[in-house]
file coords.cif (mmCIF, C-alpha atoms)
data_final
loop_
_atom_site.group_PDB
_atom_site.id
_atom_site.type_symbol
_atom_site.label_atom_id
_atom_site.label_comp_id
_atom_site.auth_asym_id
_atom_site.auth_seq_id
_atom_site.Cartn_x
_atom_site.Cartn_y
_atom_site.Cartn_z
ATOM 1 C CA MET A 298 13.791 -50.146 7.558
ATOM 2 C CA THR A 299 10.229 -48.822 7.252
ATOM 3 C CA ALA A 300 11.157 -45.694 9.219
ATOM 4 C CA THR A 301 14.148 -45.077 6.938
ATOM 5 C CA LEU A 302 11.988 -45.416 3.833
ATOM 6 C CA GLY A 303 9.432 -43.072 5.385
ATOM 7 C CA ARG A 304 12.082 -40.414 6.039
ATOM 8 C CA ARG A 305 13.424 -40.745 2.511
ATOM 9 C CA THR A 306 9.918 -40.426 1.084
ATOM 10 C CA ARG A 307 9.235 -37.294 3.132
ATOM 11 C CA LYS A 308 12.601 -35.813 2.174
ATOM 12 C CA LYS A 309 11.950 -36.490 -1.499
ATOM 13 C CA SER A 310 8.465 -34.988 -1.190
ATOM 14 C CA ILE A 311 9.891 -31.821 0.392
ATOM 15 C CA GLN A 312 12.513 -31.560 -2.347
ATOM 16 C CA ASN A 313 9.828 -31.898 -5.020
ATOM 17 C CA ASP A 314 7.749 -29.187 -3.333
ATOM 18 C CA VAL A 315 10.757 -26.858 -3.216
ATOM 19 C CA ILE A 316 11.493 -27.501 -6.895
ATOM 20 C CA LYS A 317 7.857 -26.755 -7.806
ATOM 21 C CA VAL A 318 7.878 -23.500 -5.818
ATOM 22 C CA ILE A 319 11.138 -22.400 -7.431
ATOM 23 C CA SER A 320 9.990 -23.293 -10.942
ATOM 24 C CA LYS A 321 6.574 -21.653 -10.610
ATOM 25 C CA LYS A 322 7.093 -18.767 -8.198
ATOM 26 C CA VAL A 323 10.780 -17.805 -8.312
ATOM 27 C CA LEU A 324 12.119 -18.460 -11.800
ATOM 28 C CA PRO A 325 9.381 -16.700 -13.854
ATOM 29 C CA PRO A 326 9.789 -13.320 -12.057
ATOM 30 C CA LEU A 327 13.581 -13.585 -12.250
ATOM 31 C CA ILE A 328 13.442 -14.314 -15.976
ATOM 32 C CA ALA A 329 10.996 -11.456 -16.554
ATOM 33 C CA LEU A 330 13.228 -9.108 -14.527
ATOM 34 C CA ALA A 331 16.304 -10.150 -16.523
ATOM 35 C CA VAL A 332 14.470 -9.518 -19.809
ATOM 36 C CA PHE A 333 13.267 -6.116 -18.576
ATOM 37 C CA LEU A 334 16.775 -5.074 -17.477
ATOM 38 C CA ALA A 335 18.232 -6.233 -20.792
ATOM 39 C CA ILE A 336 15.683 -4.204 -22.771
ATOM 40 C CA TRP A 337 16.290 -1.188 -20.538
ATOM 41 C CA GLN A 338 20.075 -1.462 -20.989
ATOM 42 C CA ILE A 339 19.798 -1.810 -24.775
ATOM 43 C CA ALA A 340 17.345 1.097 -25.050
ATOM 44 C CA CYS A 341 19.673 3.391 -23.095
ATOM 45 C CA SER A 342 22.751 2.373 -25.101
ATOM 46 C CA PHE A 343 21.774 4.211 -28.284
ATOM 47 C CA PRO A 344 23.692 7.414 -29.069
ATOM 48 C CA GLY A 345 22.016 10.534 -27.708
ATOM 49 C CA SER A 346 20.159 8.724 -24.928
ATOM 50 C CA LYS A 347 20.255 10.747 -21.723
ATOM 51 C CA LEU A 348 18.642 8.125 -19.508
ATOM 52 C CA PRO A 349 21.023 5.853 -17.588
ATOM 53 C CA GLY A 350 20.802 2.108 -18.001
ATOM 54 C CA PRO A 351 20.636 -0.307 -15.062
ATOM 55 C CA ILE A 352 24.412 -0.793 -14.945
ATOM 56 C CA GLU A 353 25.058 2.945 -14.941
ATOM 57 C CA THR A 354 22.283 3.528 -12.403
ATOM 58 C CA ILE A 355 23.778 1.046 -9.939
ATOM 59 C CA ALA A 356 27.306 2.388 -10.474
ATOM 60 C CA GLU A 357 26.292 6.006 -9.867
ATOM 61 C CA THR A 358 24.143 5.308 -6.800
ATOM 62 C CA TRP A 359 26.120 2.502 -5.191
ATOM 63 C CA ASP A 360 27.856 4.820 -2.750
ATOM 64 C CA PRO A 361 26.173 6.076 -0.679
ATOM 65 C CA PHE A 362 22.530 5.459 -1.669
ATOM 66 C CA ILE A 363 22.664 1.669 -1.986
ATOM 67 C CA ILE A 364 25.317 0.616 0.531
ATOM 68 C CA GLN A 365 24.596 3.426 3.010
ATOM 69 C CA PRO A 366 20.814 3.988 2.930
ATOM 70 C CA PHE A 367 20.826 5.532 6.415
ATOM 71 C CA PHE A 368 23.532 8.163 6.093
ATOM 72 C CA ASP A 369 22.628 11.519 7.651
ATOM 73 C CA ASN A 370 24.420 14.734 6.718
ATOM 74 C CA GLY A 371 21.860 16.975 8.381
ATOM 75 C CA GLU A 372 18.740 18.805 7.218
ATOM 76 C CA ASN A 373 17.360 17.156 4.071
ATOM 77 C CA ASP A 374 20.607 15.435 3.022
ATOM 78 C CA LYS A 375 19.722 11.961 4.228
ATOM 79 C CA GLY A 376 19.859 8.445 2.813
ATOM 80 C CA LEU A 377 16.906 6.804 1.087
ATOM 81 C CA GLY A 378 16.299 4.696 4.192
ATOM 82 C CA TRP A 379 15.507 7.794 6.250
ATOM 83 C CA GLN A 380 13.511 9.320 3.389
ATOM 84 C CA ILE A 381 11.296 6.242 3.121
ATOM 85 C CA LEU A 382 10.881 5.927 6.898
ATOM 86 C CA SER A 383 9.789 9.552 7.071
ATOM 87 C CA SER A 384 7.214 8.949 4.335
ATOM 88 C CA LEU A 385 6.032 5.741 6.010
ATOM 89 C CA GLY A 386 5.546 7.658 9.260
ATOM 90 C CA ARG A 387 3.156 10.066 7.557
ATOM 91 C CA VAL A 388 1.406 7.213 5.760
ATOM 92 C CA SER A 389 0.928 5.256 8.993
ATOM 93 C CA ILE A 390 -0.767 8.223 10.691
ATOM 94 C CA GLY A 391 -2.985 9.185 7.758
ATOM 95 C CA PHE A 392 -3.918 5.606 6.867
ATOM 96 C CA THR A 393 -4.673 4.656 10.492
ATOM 97 C CA LEU A 394 -6.999 7.643 10.830
ATOM 98 C CA ALA A 395 -8.644 6.830 7.499
ATOM 99 C CA GLY A 396 -9.070 3.165 8.423
ATOM 100 C CA THR A 397 -10.555 3.899 11.835
ATOM 101 C CA ILE A 398 -12.929 6.644 10.749
ATOM 102 C CA GLY A 399 -13.772 4.948 7.444
ATOM 103 C CA VAL A 400 -14.799 1.667 9.093
ATOM 104 C CA ILE A 401 -16.864 3.366 11.791
ATOM 105 C CA LEU A 402 -18.657 5.675 9.365
ATOM 106 C CA GLY A 403 -19.113 2.852 6.844
ATOM 107 C CA ILE A 404 -20.878 0.678 9.412
ATOM 108 C CA LEU A 405 -23.103 3.532 10.573
ATOM 109 C CA ILE A 406 -23.993 4.634 7.047
ATOM 110 C CA GLY A 407 -24.534 1.113 5.765
ATOM 111 C CA SER A 408 -26.880 0.338 8.637
ATOM 112 C CA ASN A 409 -29.190 3.263 7.894
ATOM 113 C CA VAL A 410 -30.781 3.563 4.442
ATOM 114 C CA LEU A 411 -31.883 7.172 4.987
ATOM 115 C CA VAL A 412 -28.386 8.306 5.960
ATOM 116 C CA TYR A 413 -26.874 6.381 3.047
ATOM 117 C CA ASN A 414 -29.201 8.030 0.524
ATOM 118 C CA ALA A 415 -28.358 11.431 1.985
ATOM 119 C CA VAL A 416 -24.547 11.212 1.982
ATOM 120 C CA ASP A 417 -23.769 8.833 -0.897
ATOM 121 C CA PRO A 418 -23.953 11.531 -3.637
ATOM 122 C CA ILE A 419 -21.576 13.718 -1.615
ATOM 123 C CA PHE A 420 -19.107 10.884 -1.121
ATOM 124 C CA GLN A 421 -19.232 9.953 -4.807
ATOM 125 C CA VAL A 422 -18.300 13.518 -5.728
ATOM 126 C CA LEU A 423 -15.524 13.908 -3.136
ATOM 127 C CA ARG A 424 -13.863 10.575 -3.865
ATOM 128 C CA THR A 425 -13.177 11.611 -7.479
ATOM 129 C CA VAL A 426 -11.162 14.679 -6.432
ATOM 130 C CA PRO A 427 -7.445 14.097 -7.214
ATOM 131 C CA PRO A 428 -5.192 13.867 -4.144
ATOM 132 C CA LEU A 429 -3.107 16.944 -4.951
ATOM 133 C CA ALA A 430 -6.238 19.052 -5.360
ATOM 134 C CA TRP A 431 -6.682 18.796 -1.586
ATOM 135 C CA LEU A 432 -3.176 20.073 -0.841
ATOM 136 C CA PRO A 433 -3.855 23.843 -1.174
ATOM 137 C CA ILE A 434 -6.873 23.495 1.120
ATOM 138 C CA SER A 435 -4.932 21.487 3.692
ATOM 139 C CA LEU A 436 -2.017 23.955 3.600
ATOM 140 C CA ALA A 437 -4.422 26.840 4.133
ATOM 141 C CA GLY A 438 -6.077 25.024 7.029
ATOM 142 C CA PHE A 439 -3.036 23.578 8.828
ATOM 143 C CA GLN A 440 -0.409 26.163 7.843
ATOM 144 C CA GLN A 441 2.248 23.430 8.043
ATOM 145 C CA ALA A 442 3.587 20.958 5.505
ATOM 146 C CA ASN A 443 3.626 17.787 7.628
ATOM 147 C CA PRO A 444 -0.023 17.784 8.832
ATOM 148 C CA SER A 445 -1.081 18.903 5.365
ATOM 149 C CA ALA A 446 0.579 15.848 3.790
ATOM 150 C CA ILE A 447 -1.042 13.587 6.401
ATOM 151 C CA PHE A 448 -4.439 15.111 5.616
ATOM 152 C CA VAL A 449 -3.934 14.428 1.897
ATOM 153 C CA ILE A 450 -3.208 10.784 2.739
ATOM 154 C CA PHE A 451 -6.268 10.609 4.958
ATOM 155 C CA ILE A 452 -8.692 12.173 2.499
ATOM 156 C CA THR A 453 -7.340 10.066 -0.380
ATOM 157 C CA SER A 454 -7.461 6.674 1.329
ATOM 158 C CA ILE A 455 -10.671 7.007 3.344
ATOM 159 C CA TRP A 456 -13.071 6.649 0.410
ATOM 160 C CA PRO A 457 -12.382 3.028 -0.626
ATOM 161 C CA ILE A 458 -12.431 2.004 3.044
ATOM 162 C CA LEU A 459 -15.672 3.827 3.782
ATOM 163 C CA ILE A 460 -17.455 2.746 0.615
ATOM 164 C CA ASN A 461 -16.394 -0.912 0.827
ATOM 165 C CA THR A 462 -17.418 -1.083 4.489
ATOM 166 C CA THR A 463 -20.787 0.445 3.640
ATOM 167 C CA VAL A 464 -21.332 -2.082 0.846
ATOM 168 C CA GLY A 465 -20.325 -4.913 3.187
ATOM 169 C CA VAL A 466 -22.969 -3.907 5.716
ATOM 170 C CA GLN A 467 -25.600 -3.579 3.001
ATOM 171 C CA GLN A 468 -24.729 -7.011 1.582
ATOM 172 C CA LEU A 469 -25.398 -8.738 4.896
ATOM 173 C CA PRO A 470 -27.723 -11.676 4.069
ATOM 174 C CA GLN A 471 -31.277 -11.309 5.295
ATOM 175 C CA ASP A 472 -31.010 -14.761 6.882
ATOM 176 C CA TYR A 473 -28.396 -13.398 9.271
ATOM 177 C CA ARG A 474 -30.721 -10.598 10.316
ATOM 178 C CA ASN A 475 -33.565 -13.064 10.799
ATOM 179 C CA VAL A 476 -31.413 -15.279 13.010
ATOM 180 C CA ALA A 477 -30.485 -12.247 15.112
ATOM 181 C CA ARG A 478 -34.179 -11.446 15.603
ATOM 182 C CA VAL A 479 -35.038 -15.032 16.501
ATOM 183 C CA LEU A 480 -32.226 -15.196 19.045
ATOM 184 C CA LYS A 481 -33.121 -11.694 20.269
ATOM 185 C CA LEU A 482 -29.498 -10.610 20.203
ATOM 186 C CA SER A 483 -28.650 -7.300 21.801
ATOM 187 C CA GLY A 484 -27.170 -4.521 19.680
ATOM 188 C CA MET A 485 -23.614 -5.235 20.803
ATOM 189 C CA LYS A 486 -23.891 -9.016 20.315
ATOM 190 C CA TYR A 487 -25.462 -8.496 16.903
ATOM 191 C CA PHE A 488 -22.552 -6.263 15.938
ATOM 192 C CA LEU A 489 -19.826 -8.559 17.308
ATOM 193 C CA LYS A 490 -21.305 -11.915 16.280
ATOM 194 C CA ILE A 491 -22.989 -11.150 12.957
ATOM 195 C CA LEU A 492 -22.528 -7.698 11.434
ATOM 196 C CA PHE A 493 -18.805 -7.112 11.895
ATOM 197 C CA PRO A 494 -17.592 -10.643 10.964
ATOM 198 C CA ALA A 495 -19.697 -10.576 7.779
ATOM 199 C CA THR A 496 -18.276 -7.157 6.852
ATOM 200 C CA VAL A 497 -14.598 -7.970 7.470
ATOM 201 C CA PRO A 498 -13.867 -9.204 3.887
ATOM 202 C CA TYR A 499 -15.194 -5.929 2.474
ATOM 203 C CA ILE A 500 -13.263 -3.903 5.046
ATOM 204 C CA PHE A 501 -9.968 -5.526 4.070
ATOM 205 C CA THR A 502 -10.694 -4.978 0.390
ATOM 206 C CA GLY A 503 -11.056 -1.286 1.159
ATOM 207 C CA LEU A 504 -7.940 -1.291 3.337
ATOM 208 C CA ARG A 505 -5.869 -2.908 0.594
ATOM 209 C CA ILE A 506 -6.975 -0.312 -1.940
ATOM 210 C CA GLY A 507 -6.529 2.452 0.620
ATOM 211 C CA ILE A 508 -2.929 1.590 1.510
ATOM 212 C CA GLY A 509 -1.957 1.725 -2.161
ATOM 213 C CA LEU A 510 -3.608 5.112 -2.578
ATOM 214 C CA SER A 511 -1.924 6.338 0.614
ATOM 215 C CA TRP A 512 1.524 5.535 -0.745
ATOM 216 C CA LEU A 513 0.718 7.180 -4.073
ATOM 217 C CA ALA A 514 -0.605 10.281 -2.347
ATOM 218 C CA ILE A 515 2.346 10.769 0.013
ATOM 219 C CA VAL A 516 4.902 10.664 -2.792
ATOM 220 C CA ALA A 517 2.961 13.279 -4.759
ATOM 221 C CA ALA A 518 2.258 15.464 -1.710
ATOM 222 C CA GLU A 519 5.878 15.465 -0.543
ATOM 223 C CA MET A 520 7.012 16.735 -3.926
ATOM 224 C CA LEU A 521 5.211 19.981 -3.132
ATOM 225 C CA THR A 522 5.533 20.227 0.646
ATOM 226 C CA GLY A 523 9.293 19.607 0.831
ATOM 227 C CA GLY A 524 11.169 18.382 3.899
ATOM 228 C CA VAL A 525 12.393 14.830 4.413
ATOM 229 C CA GLY A 526 10.538 12.170 2.449
ATOM 230 C CA ILE A 527 10.902 10.062 -0.655
ATOM 231 C CA GLY A 528 8.714 12.422 -2.712
ATOM 232 C CA SER A 529 10.802 15.418 -1.672
ATOM 233 C CA PHE A 530 13.983 13.491 -2.494
ATOM 234 C CA ILE A 531 12.762 12.769 -6.039
ATOM 235 C CA TRP A 532 11.685 16.360 -6.612
ATOM 236 C CA ASN A 533 14.905 17.852 -5.259
ATOM 237 C CA ALA A 534 16.983 15.468 -7.368
ATOM 238 C CA TYR A 535 15.017 16.488 -10.455
ATOM 239 C CA ASN A 536 15.420 20.218 -9.781
ATOM 240 C CA THR A 537 19.186 19.808 -9.436
ATOM 241 C CA ASN A 538 19.115 18.662 -13.086
ATOM 242 C CA THR A 539 22.285 16.606 -13.398
ATOM 243 C CA GLU A 540 22.730 13.265 -15.158
ATOM 244 C CA THR A 541 23.830 11.613 -11.920
ATOM 245 C CA ASN A 542 20.582 12.678 -10.279
ATOM 246 C CA LEU A 543 18.617 10.777 -12.920
ATOM 247 C CA SER A 544 20.151 7.600 -11.530
ATOM 248 C CA GLU A 545 19.146 8.700 -8.019
ATOM 249 C CA ILE A 546 15.579 9.302 -9.198
ATOM 250 C CA ILE A 547 15.407 5.877 -10.855
ATOM 251 C CA LEU A 548 16.729 4.194 -7.702
ATOM 252 C CA ALA A 549 14.188 6.095 -5.605
ATOM 253 C CA LEU A 550 11.391 4.946 -7.927
ATOM 254 C CA VAL A 551 12.532 1.341 -7.482
ATOM 255 C CA TYR A 552 12.407 1.796 -3.714
ATOM 256 C CA VAL A 553 8.960 3.384 -3.947
ATOM 257 C CA GLY A 554 7.669 0.430 -5.957
ATOM 258 C CA LEU A 555 9.172 -2.141 -3.598
ATOM 259 C CA VAL A 556 7.751 -0.425 -0.509
ATOM 260 C CA GLY A 557 4.346 -0.168 -2.170
ATOM 261 C CA LEU A 558 4.462 -3.884 -2.959
ATOM 262 C CA LEU A 559 5.419 -4.720 0.630
ATOM 263 C CA LEU A 560 2.582 -2.584 2.031
ATOM 264 C CA ASP A 561 0.072 -4.300 -0.236
ATOM 265 C CA ARG A 562 1.377 -7.759 0.688
ATOM 266 C CA LEU A 563 1.305 -6.851 4.384
ATOM 267 C CA VAL A 564 -2.385 -5.942 4.279
ATOM 268 C CA ALA A 565 -3.098 -9.038 2.174
ATOM 269 C CA PHE A 566 -1.247 -11.205 4.716
ATOM 270 C CA VAL A 567 -3.255 -9.786 7.623
ATOM 271 C CA ALA A 568 -6.443 -10.341 5.627
ATOM 272 C CA SER A 569 -5.489 -13.962 4.992
ATOM 273 C CA LYS A 570 -5.244 -14.504 8.762
ATOM 274 C CA VAL A 571 -8.424 -12.618 9.654
ATOM 275 C CA VAL A 572 -10.877 -13.282 6.827
ATOM 276 C CA PRO A 573 -12.481 -16.764 6.893
ATOM 277 C CA GLU A 574 -11.308 -18.990 4.042
ATOM 278 C CA GLY A 575 -14.753 -19.321 2.508
ATOM 279 C CA GLU A 576 -15.286 -15.546 2.352
ATOM 280 C CA LYS A 577 -12.030 -14.489 0.659
#
call {"tool": "encode", "arguments": {"input": "coords.cif", "output": "structure tokens"}}
result
Amino acid sequence: MTATLGRRTRKKSIQNDVIKVISKKVLPPLIALAVFLAIWQIACSFPGSKLPGPIETIAETWDPFIIQPFFDNGENDKGLGWQILSSLGRVSIGFTLAGTIGVILGILIGSNVLVYNAVDPIFQVLRTVPPLAWLPISLAGFQQANPSAIFVIFITSIWPILINTTVGVQQLPQDYRNVARVLKLSGMKYFLKILFPATVPYIFTGLRIGIGLSWLAIVAAEMLTGGVGIGSFIWNAYNTNTETNLSEIILALVYVGLVGLLLDRLVAFVASKVVPEGEK
């Protein structure tokens, strides 16, 4: 009897938790989305409006862009699935390079006051340069569209990673340094046991900002470099200048937003597993 009551209590508790999650986490976004779609549909229903509403957008892009995202008719005529995967491939290369180099340089610069004072003004100037301003330079240097786009991603996303890592090293409490001296830790043990763990929260803050900037940069860069990619798809659809292509552009923008959200949540999830709870 006691066991039965215990199971019923646990079952009821689980049901209550599910109801709370649905009411607080699921329903509000769904309601907000429904309101947004309704406003969008009403706004596009007025006479003379050239923008498609959500119903028209779905109807015009259902086949093949929604139900066949991985169709391939050769050259640049590919589904949005392939376009996004191509863009993600460039982002993964550029962001990985930026993360690796940014963390290494950030630790080295943050550990040396003289070096920091020397390079910080240069970094502050370079980080304010818009992503697309680097594209002509990268095209002149690499002579190819693909490595040029990857370079734009790299140079755009490295600054928040580098600067946040540098700040993390500089914010290391003096007590930690004193403990390292008392214990006479070697350089490698000091790095592995004290410096790097204390800097990890700052590193992931930079990585989270950097991945968002990477996705923004690749879409803009691909609009000018051409080839296969979500940015190129949007630009080509715009240049074709038909009403149907407006629906394709809107659908592509939705995909871009969803992928950007997933990338941000992915980095946040990794951070939640790596960063200690008290330092988040």
call {"tool": "atom_distance", "arguments": {"input": "coords.cif", "atom1": "atom CA of A:Gly391", "atom2": "atom CA of A:Ala442"}}
result
13.7 Å
call {"tool": "closest_atom_pairs", "arguments": {"input": "coords.cif", "of": "stretch 413-504 of chain A", "to": "stretch 359-383 of chain A", "cutoff": "12 Å", "atoms": "all atoms listed in the file", "output": "Markdown table"}}
result
| residue | atom | partner | partner_atom | distance |
| --- | --- | --- | --- | --- |
| A:Asn443 | CA | A:Ser383 | CA | 10.3 |
| A:Ala446 | CA | A:Ser383 | CA | 11.6 |
| A:Ile447 | CA | A:Ser383 | CA | 11.6 |
call {"tool": "write_last_selection", "arguments": {"input": "coords.cif", "atoms": "C-alpha atoms", "output": "PDB file, keeping the file's coordinate frame"}}
result
ATOM      1  CA  ASN A 443       3.626  17.787   7.628  1.00  0.00           C
ATOM      2  CA  ALA A 446       0.579  15.848   3.790  1.00  0.00           C
ATOM      3  CA  ILE A 447      -1.042  13.587   6.401  1.00  0.00           C
TER       4      ILE A 447
END
call {"tool": "residues_around", "arguments": {"input": "coords.cif", "residues": "A:Arg505", "least_positions_apart": "6", "cutoff": "12 Å", "atoms": "all atoms listed in the file", "output": "number ranges by chain"}}
result
A: 392, 396, 454-458, 461, 498-499, 511-512, 557-569
call {"tool": "axis_aligned_box", "arguments": {"input": "coords.cif", "around": "stretch 442-458 of chain A", "padding_each_side": "5 Å", "output": "AutoDock Vina command-line options"}}
result
--center_x -4.7 --center_y 11.5 --center_z 4.1 --size_x 26.7 --size_y 29.0 --size_z 19.5
call {"tool": "atom_distance", "arguments": {"input": "coords.cif", "atom1": "atom CA of A:Ile390", "atom2": "atom CA of A:Val556"}}
result
16.5 Å
call {"tool": "residues_near_point", "arguments": {"input": "coords.cif", "point": "(16.9, 5.6, -18.1)", "cutoff": "9 Å", "atoms": "all atoms listed in the file", "output": "VMD selection string"}}
result
chain A and resid 337 to 338 340 to 341 346 to 351 354 543 to 544 547
call {"tool": "closest_residue", "arguments": {"input": "coords.cif", "among": "A:Ile355, A:Ile319, A:Leu385, A:Leu480", "to": "A:Gly526", "atoms": "all atoms listed in the file"}}
result
A:Leu385
call {"tool": "residues_around", "arguments": {"input": "coords.cif", "residues": "A:Ile452", "least_positions_apart": "4", "cutoff": "8 Å", "atoms": "all atoms listed in the file", "output": "MDAnalysis selection string"}}
result
chainID A and resid 395 428 448 456
call {"tool": "closest_residue", "arguments": {"input": "coords.cif", "among": "A:Leu504, A:Leu459, A:Ile401, A:Leu429", "to": "A:Val416", "atoms": "only C-alpha atoms"}}
result
A:Leu459
call {"tool": "atom_distance", "arguments": {"input": "coords.cif", "atom1": "atom CA of A:Leu432", "atom2": "atom CA of A:Val449"}}
result
6.3 Å
call {"tool": "closest_residue", "arguments": {"input": "coords.cif", "among": "A:Val400, A:Val525, A:Ala415, A:Ala329", "to": "A:Gly503", "atoms": "all atoms listed in the file"}}
result
A:Val400
call {"tool": "resolve_selection", "arguments": {"input": "coords.cif", "expression": "the PyMOL selection byres ((chain A and resi 467-477) around 10)", "output": "PDB file with C-alpha atoms, in the frame of the given file"}}
result
ATOM      1  CA  GLY A 403     -19.113   2.852   6.844  1.00  0.00           C
ATOM      2  CA  ILE A 404     -20.878   0.678   9.412  1.00  0.00           C
ATOM      3  CA  ILE A 406     -23.993   4.634   7.047  1.00  0.00           C
ATOM      4  CA  GLY A 407     -24.534   1.113   5.765  1.00  0.00           C
ATOM      5  CA  SER A 408     -26.880   0.338   8.637  1.00  0.00           C
ATOM      6  CA  ASN A 409     -29.190   3.263   7.894  1.00  0.00           C
ATOM      7  CA  VAL A 410     -30.781   3.563   4.442  1.00  0.00           C
ATOM      8  CA  ASN A 461     -16.394  -0.912   0.827  1.00  0.00           C
ATOM      9  CA  THR A 462     -17.418  -1.083   4.489  1.00  0.00           C
ATOM     10  CA  THR A 463     -20.787   0.445   3.640  1.00  0.00           C
ATOM     11  CA  VAL A 464     -21.332  -2.082   0.846  1.00  0.00           C
ATOM     12  CA  GLY A 465     -20.325  -4.913   3.187  1.00  0.00           C
ATOM     13  CA  VAL A 466     -22.969  -3.907   5.716  1.00  0.00           C
ATOM     14  CA  ARG A 478     -34.179 -11.446  15.603  1.00  0.00           C
ATOM     15  CA  VAL A 479     -35.038 -15.032  16.501  1.00  0.00           C
ATOM     16  CA  LEU A 480     -32.226 -15.196  19.045  1.00  0.00           C
ATOM     17  CA  LYS A 481     -33.121 -11.694  20.269  1.00  0.00           C
ATOM     18  CA  LEU A 482     -29.498 -10.610  20.203  1.00  0.00           C
ATOM     19  CA  SER A 483     -28.650  -7.300  21.801  1.00  0.00           C
ATOM     20  CA  GLY A 484     -27.170  -4.521  19.680  1.00  0.00           C
ATOM     21  CA  LYS A 486     -23.891  -9.016  20.315  1.00  0.00           C
ATOM     22  CA  TYR A 487     -25.462  -8.496  16.903  1.00  0.00           C
ATOM     23  CA  PHE A 488     -22.552  -6.263  15.938  1.00  0.00           C
ATOM     24  CA  LYS A 490     -21.305 -11.915  16.280  1.00  0.00           C
ATOM     25  CA  ILE A 491     -22.989 -11.150  12.957  1.00  0.00           C
ATOM     26  CA  LEU A 492     -22.528  -7.698  11.434  1.00  0.00           C
ATOM     27  CA  PHE A 493     -18.805  -7.112  11.895  1.00  0.00           C
ATOM     28  CA  ALA A 495     -19.697 -10.576   7.779  1.00  0.00           C
ATOM     29  CA  THR A 496     -18.276  -7.157   6.852  1.00  0.00           C
ATOM     30  CA  TYR A 499     -15.194  -5.929   2.474  1.00  0.00           C
TER      31      TYR A 499
END
call {"tool": "resolve_selection", "arguments": {"input": "coords.cif", "expression": "the PyMOL selection byres ((chain A and resi 534) around 12)", "output": "list in words"}}
result
Asn373, Asp374, Met520, Gly523, Ile527, Gly528, Ser529, Phe530, Ile531, Trp532, Asn533, Tyr535, Asn536, Thr537, Asn538, Thr539, Glu540, Thr541, Asn542, Leu543, Ser544, Glu545, Ile546, Ile547, Leu548, Ala549 and Leu550 of chain A
call {"tool": "closest_residue", "arguments": {"input": "coords.cif", "among": "A:Pro433, A:Thr453, A:Val571, A:Ile460", "to": "A:Leu521", "atoms": "only C-alpha atoms"}}
result
A:Pro433
call {"tool": "residues_around", "arguments": {"input": "coords.cif", "residues": "A:Ser445", "least_positions_apart": "4", "cutoff": "8 Å", "atoms": "all atoms listed in the file", "output": "mmCIF file with C-alpha atoms, keeping the file's coordinate frame"}}
result
data_model
loop_
_atom_site.group_PDB
_atom_site.id
_atom_site.type_symbol
_atom_site.label_atom_id
_atom_site.label_comp_id
_atom_site.auth_asym_id
_atom_site.auth_seq_id
_atom_site.Cartn_x
_atom_site.Cartn_y
_atom_site.Cartn_z
ATOM 1 C CA LEU A 432 -3.176 20.073 -0.841
ATOM 2 C CA SER A 435 -4.932 21.487 3.692
ATOM 3 C CA LEU A 436 -2.017 23.955 3.600
ATOM 4 C CA PHE A 439 -3.036 23.578 8.828
ATOM 5 C CA GLN A 440 -0.409 26.163 7.843
ATOM 6 C CA GLN A 441 2.248 23.430 8.043
ATOM 7 C CA VAL A 449 -3.934 14.428 1.897
#
